[in-house]
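Some notes on the structure that comes next.
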Amino acid sequence: MKNYLKLMQNRSSIRSYTKEKISRENLEYILECARLSPSSLGLEPWKFLVFQKDKNKQEIAKIANNQSHVANCAAIIVVISRADFKDYFEEKLKKRGLNQEDLNKRLQTYKPFLEAMDLEQSFIYAKEQSYIAITNIVNAAYSLNLGSCIIGGFNKEKINQYLNLDTTKQRVSMLITLGHIQENISVEKARFAFDEVVEFKD
């Protein structure tokens with residue numbers, strides 16, 4: 001049970017990688033952990049694009065303020081938020097095997113909540129869910145002794161154009177760099193103390 005805590009205590013953002021590639025098996029393991037992530041209403045409003053070729057990494061690095069670790073990593077995972085979840089919510093709910101009464105009850109409860117969102121609110125909601133998957137990506141990577149770095153510093157308009165996304169349905173949420181950790185790197189983890197961020201109210 002405490003293995004996960006140990007992982008969290010030791011994992012940190014890594015920006016320097018060796019030139020070694022990441023195996024397809026390990027990439028699929030990481031992305032399977034992302035795919036299985038929980039999400040509000042089980043909507044899974046995300047998609048994951050993987051780039052490994054130098055040309056693509058260099059082009060994405062330019063869009064990400066020329067951050068060197070974007071160009072020099074073994075792989076970039078582009079996390080996309082989907083705002084089209086209203087289109088598939090009912091169908092996805094039906095796949096849960098609910099009886100008709102429970103299905104109708106859930107539709108009556110949740111559909112008005114989703115329908116009330118405009119496009120920007122839908123993207124905010126989807127982006128919030130994508131952060132859950134992002135956490136699982138970086139932790140899964142560390143469990144394989146791989147380094148990662150979550151990147152929010154990029155030109156949003158340009159990255160969406162680069163990927164030719166229909167921005168009424170999909171937009172880039174975050175970039176994640178992955179790579180084998182250089183052995184001589186030592187990173188100290190700095191976090192607020194437990195009592196500074198946690199309050200037991202009852």
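Residues in the structure tokens are numbered from 1 in each chain, the chains being A, B, ... in the order shown, and ligands are numbered from 1 in the order shown.
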Legend entry - Picked from region 13-129 of chain A by DSSP as strand (DSSP E or B), as a PyMOL selection string: chain A and resi 17+46-51+75-82
Would you give me, as a tab-separated table, each residue of region 85-162 of chain A having an atom within 9 Å of an atom of region 44-67 of chain A, along with its shortest atom pair and that distance in Å to one decimal, using only C-alpha atoms and sorting by chain and residue number?
residue	atom	partner	partner_atom	distance
A:Phe85	CA	A:Pro45	CA	6.3
A:Tyr125	CA	A:Pro45	CA	8.9
A:Ala126	CA	A:Pro45	CA	5.5
A:Lys127	CA	A:Pro45	CA	8.1
A:Gln129	CA	A:Pro45	CA	7.0
A:Ser130	CA	A:Trp46	CA	6.1
A:Ala133	CA	A:Trp46	CA	8.5
A:Ile151	CA	A:Ala64	CA	8.2
A:Gly152	CA	A:Ala64	CA	8.4
A:Gly153	CA	A:Ala64	CA	5.9
A:Phe154	CA	A:Ala64	CA	3.9
A:Asn155	CA	A:Ile63	CA	5.7
A:Lys156	CA	A:Ile63	CA	8.4
A:Lys158	CA	A:Ile63	CA	6.6
A:Ile159	CA	A:Ile63	CA	6.4
A:Tyr162	CA	A:Ile60	CA	8.3
Write out, as a short mmCIF file (atom, residue, chain, number, x, y, z; two decimals), in the first residue's frame, the residues just selected, with C-alpha atoms.
data_model
loop_
_atom_site.label_atom_id
_atom_site.label_comp_id
_atom_site.auth_asym_id
_atom_site.auth_seq_id
_atom_site.Cartn_x
_atom_site.Cartn_y
_atom_site.Cartn_z
CA PHE A 85 -18.63 14.74 -24.72
CA TYR A 125 -14.47 20.86 -17.71
CA ALA A 126 -12.66 18.52 -20.13
CA LYS A 127 -9.27 20.02 -19.32
CA GLN A 129 -10.45 15.77 -16.33
CA SER A 130 -7.32 15.53 -18.49
CA ALA A 133 -4.82 11.26 -16.82
CA ILE A 151 4.59 21.39 -19.91
CA GLY A 152 1.95 24.10 -19.97
CA GLY A 153 4.18 26.77 -21.50
CA PHE A 154 3.37 26.68 -25.20
CA ASN A 155 1.50 28.73 -27.79
CA LYS A 156 -1.98 27.26 -27.64
CA LYS A 158 -0.05 27.41 -32.80
CA ILE A 159 -0.06 23.90 -31.32
CA TYR A 162 0.12 22.37 -35.98
#
Looking only at alpha helix (DSSP H) from DSSP on the backbone, list the matching residues of region 109-200 of chain A as a short mmCIF file (atom, residue, chain, number, x, y, z; two decimals) with N, CA and C atoms, in the first residue's frame.
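Result file follows (states08.cif):
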data_model
loop_
_atom_site.label_atom_id
_atom_site.label_comp_id
_atom_site.auth_asym_id
_atom_site.auth_seq_id
_atom_site.Cartn_x
_atom_site.Cartn_y
_atom_site.Cartn_z
N THR A 109 -30.57 13.55 -14.20
CA THR A 109 -29.71 14.25 -13.25
C THR A 109 -28.57 14.98 -13.94
N TYR A 110 -27.90 14.29 -14.86
CA TYR A 110 -26.63 14.81 -15.40
C TYR A 110 -26.73 15.51 -16.74
N LYS A 111 -27.71 15.13 -17.57
CA LYS A 111 -27.76 15.73 -18.90
C LYS A 111 -27.99 17.25 -18.86
N PRO A 112 -28.90 17.76 -18.00
CA PRO A 112 -29.06 19.22 -17.92
C PRO A 112 -27.78 19.93 -17.48
N PHE A 113 -27.01 19.29 -16.59
CA PHE A 113 -25.73 19.85 -16.14
C PHE A 113 -24.77 20.02 -17.31
N LEU A 114 -24.69 19.00 -18.16
CA LEU A 114 -23.79 19.06 -19.31
C LEU A 114 -24.31 20.01 -20.38
N GLU A 115 -25.60 19.96 -20.64
CA GLU A 115 -26.18 20.79 -21.69
C GLU A 115 -26.09 22.28 -21.37
N LEU A 119 -19.37 26.35 -25.00
CA LEU A 119 -18.16 25.71 -25.53
C LEU A 119 -16.96 25.89 -24.60
N GLU A 120 -16.75 27.12 -24.13
CA GLU A 120 -15.58 27.38 -23.28
C GLU A 120 -15.70 26.64 -21.95
N GLN A 121 -16.87 26.60 -21.38
CA GLN A 121 -17.08 25.86 -20.13
C GLN A 121 -16.86 24.36 -20.35
N SER A 122 -17.24 23.88 -21.51
CA SER A 122 -17.03 22.46 -21.84
C SER A 122 -15.55 22.14 -21.90
N PHE A 123 -14.76 23.04 -22.49
CA PHE A 123 -13.32 22.81 -22.57
C PHE A 123 -12.66 22.89 -21.19
N ILE A 124 -13.11 23.81 -20.36
CA ILE A 124 -12.57 23.90 -19.00
C ILE A 124 -12.85 22.60 -18.25
N TYR A 125 -14.07 22.10 -18.37
CA TYR A 125 -14.47 20.86 -17.71
C TYR A 125 -13.63 19.68 -18.21
N ALA A 126 -13.45 19.61 -19.54
CA ALA A 126 -12.66 18.52 -20.13
C ALA A 126 -11.19 18.61 -19.72
N LYS A 127 -10.68 19.83 -19.69
CA LYS A 127 -9.27 20.02 -19.32
C LYS A 127 -9.03 19.58 -17.88
N GLU A 128 -9.98 19.89 -17.00
CA GLU A 128 -9.86 19.45 -15.61
C GLU A 128 -9.75 17.93 -15.52
N GLN A 129 -10.51 17.23 -16.34
CA GLN A 129 -10.45 15.77 -16.33
C GLN A 129 -9.11 15.26 -16.88
N SER A 130 -8.59 15.97 -17.87
CA SER A 130 -7.32 15.53 -18.49
C SER A 130 -6.17 15.56 -17.50
N TYR A 131 -6.25 16.44 -16.49
CA TYR A 131 -5.18 16.51 -15.49
C TYR A 131 -5.06 15.19 -14.72
N ILE A 132 -6.18 14.50 -14.55
CA ILE A 132 -6.15 13.22 -13.84
C ILE A 132 -5.32 12.22 -14.64
N ALA A 133 -5.58 12.17 -15.95
CA ALA A 133 -4.82 11.26 -16.82
C ALA A 133 -3.35 11.65 -16.87
N ILE A 134 -3.08 12.95 -16.86
CA ILE A 134 -1.69 13.43 -16.89
C ILE A 134 -0.93 12.95 -15.66
N THR A 135 -1.56 13.02 -14.50
CA THR A 135 -0.93 12.52 -13.28
C THR A 135 -0.56 11.05 -13.42
N ASN A 136 -1.46 10.27 -13.97
CA ASN A 136 -1.19 8.84 -14.14
C ASN A 136 -0.10 8.58 -15.16
N ILE A 137 0.00 9.43 -16.17
CA ILE A 137 1.07 9.28 -17.17
C ILE A 137 2.44 9.45 -16.52
N VAL A 138 2.62 10.53 -15.76
CA VAL A 138 3.95 10.79 -15.20
C VAL A 138 4.29 9.79 -14.10
N ASN A 139 3.29 9.35 -13.34
CA ASN A 139 3.58 8.37 -12.29
C ASN A 139 3.85 6.99 -12.89
N ALA A 140 3.13 6.63 -13.94
CA ALA A 140 3.40 5.36 -14.62
C ALA A 140 4.80 5.37 -15.23
N ALA A 141 5.18 6.51 -15.79
CA ALA A 141 6.52 6.63 -16.37
C ALA A 141 7.59 6.42 -15.30
N TYR A 142 7.38 7.06 -14.15
CA TYR A 142 8.38 6.93 -13.08
C TYR A 142 8.46 5.49 -12.57
N SER A 143 7.34 4.80 -12.56
CA SER A 143 7.34 3.40 -12.11
C SER A 143 8.18 2.52 -13.03
N LYS A 156 -0.80 28.12 -27.47
CA LYS A 156 -1.98 27.26 -27.64
C LYS A 156 -2.55 27.31 -29.05
N GLU A 157 -2.60 28.49 -29.61
CA GLU A 157 -3.14 28.63 -30.97
C GLU A 157 -2.27 27.89 -31.98
N LYS A 158 -0.96 28.04 -31.84
CA LYS A 158 -0.05 27.41 -32.80
C LYS A 158 -0.03 25.89 -32.68
N ILE A 159 -0.09 25.36 -31.46
CA ILE A 159 -0.06 23.90 -31.32
C ILE A 159 -1.35 23.29 -31.86
N ASN A 160 -2.47 23.96 -31.66
CA ASN A 160 -3.72 23.46 -32.22
C ASN A 160 -3.70 23.48 -33.75
N GLN A 161 -3.09 24.53 -34.31
CA GLN A 161 -2.95 24.63 -35.76
C GLN A 161 -1.99 23.56 -36.28
N TYR A 162 -0.88 23.36 -35.57
CA TYR A 162 0.12 22.37 -35.98
C TYR A 162 -0.50 20.98 -36.07
N PHE A 194 2.76 19.06 5.27
CA PHE A 194 1.43 18.42 5.33
C PHE A 194 0.41 19.33 6.00
N ASP A 195 0.77 19.91 7.15
CA ASP A 195 -0.17 20.72 7.91
C ASP A 195 -0.51 22.05 7.23
N GLU A 196 0.30 22.45 6.26
CA GLU A 196 0.03 23.69 5.53
C GLU A 196 -1.05 23.51 4.47
N VAL A 197 -1.26 22.29 4.03
CA VAL A 197 -2.22 22.08 2.94
C VAL A 197 -3.39 21.18 3.33
#
Inset, instruction - Using only C-alpha atoms, determine which residues lie at most 9 Å from Tyr17 (chain A), disregarding the query and same-chain residues fewer than 6 positions distant; provide the list as number ranges by chain. - result: A: 69, 72-74, 147, 178-182
Legend entry - One-decimal distance in Å that lies between CA of Leu5 (chain A) and CA of Glu188 (chain A): 16.2 Å
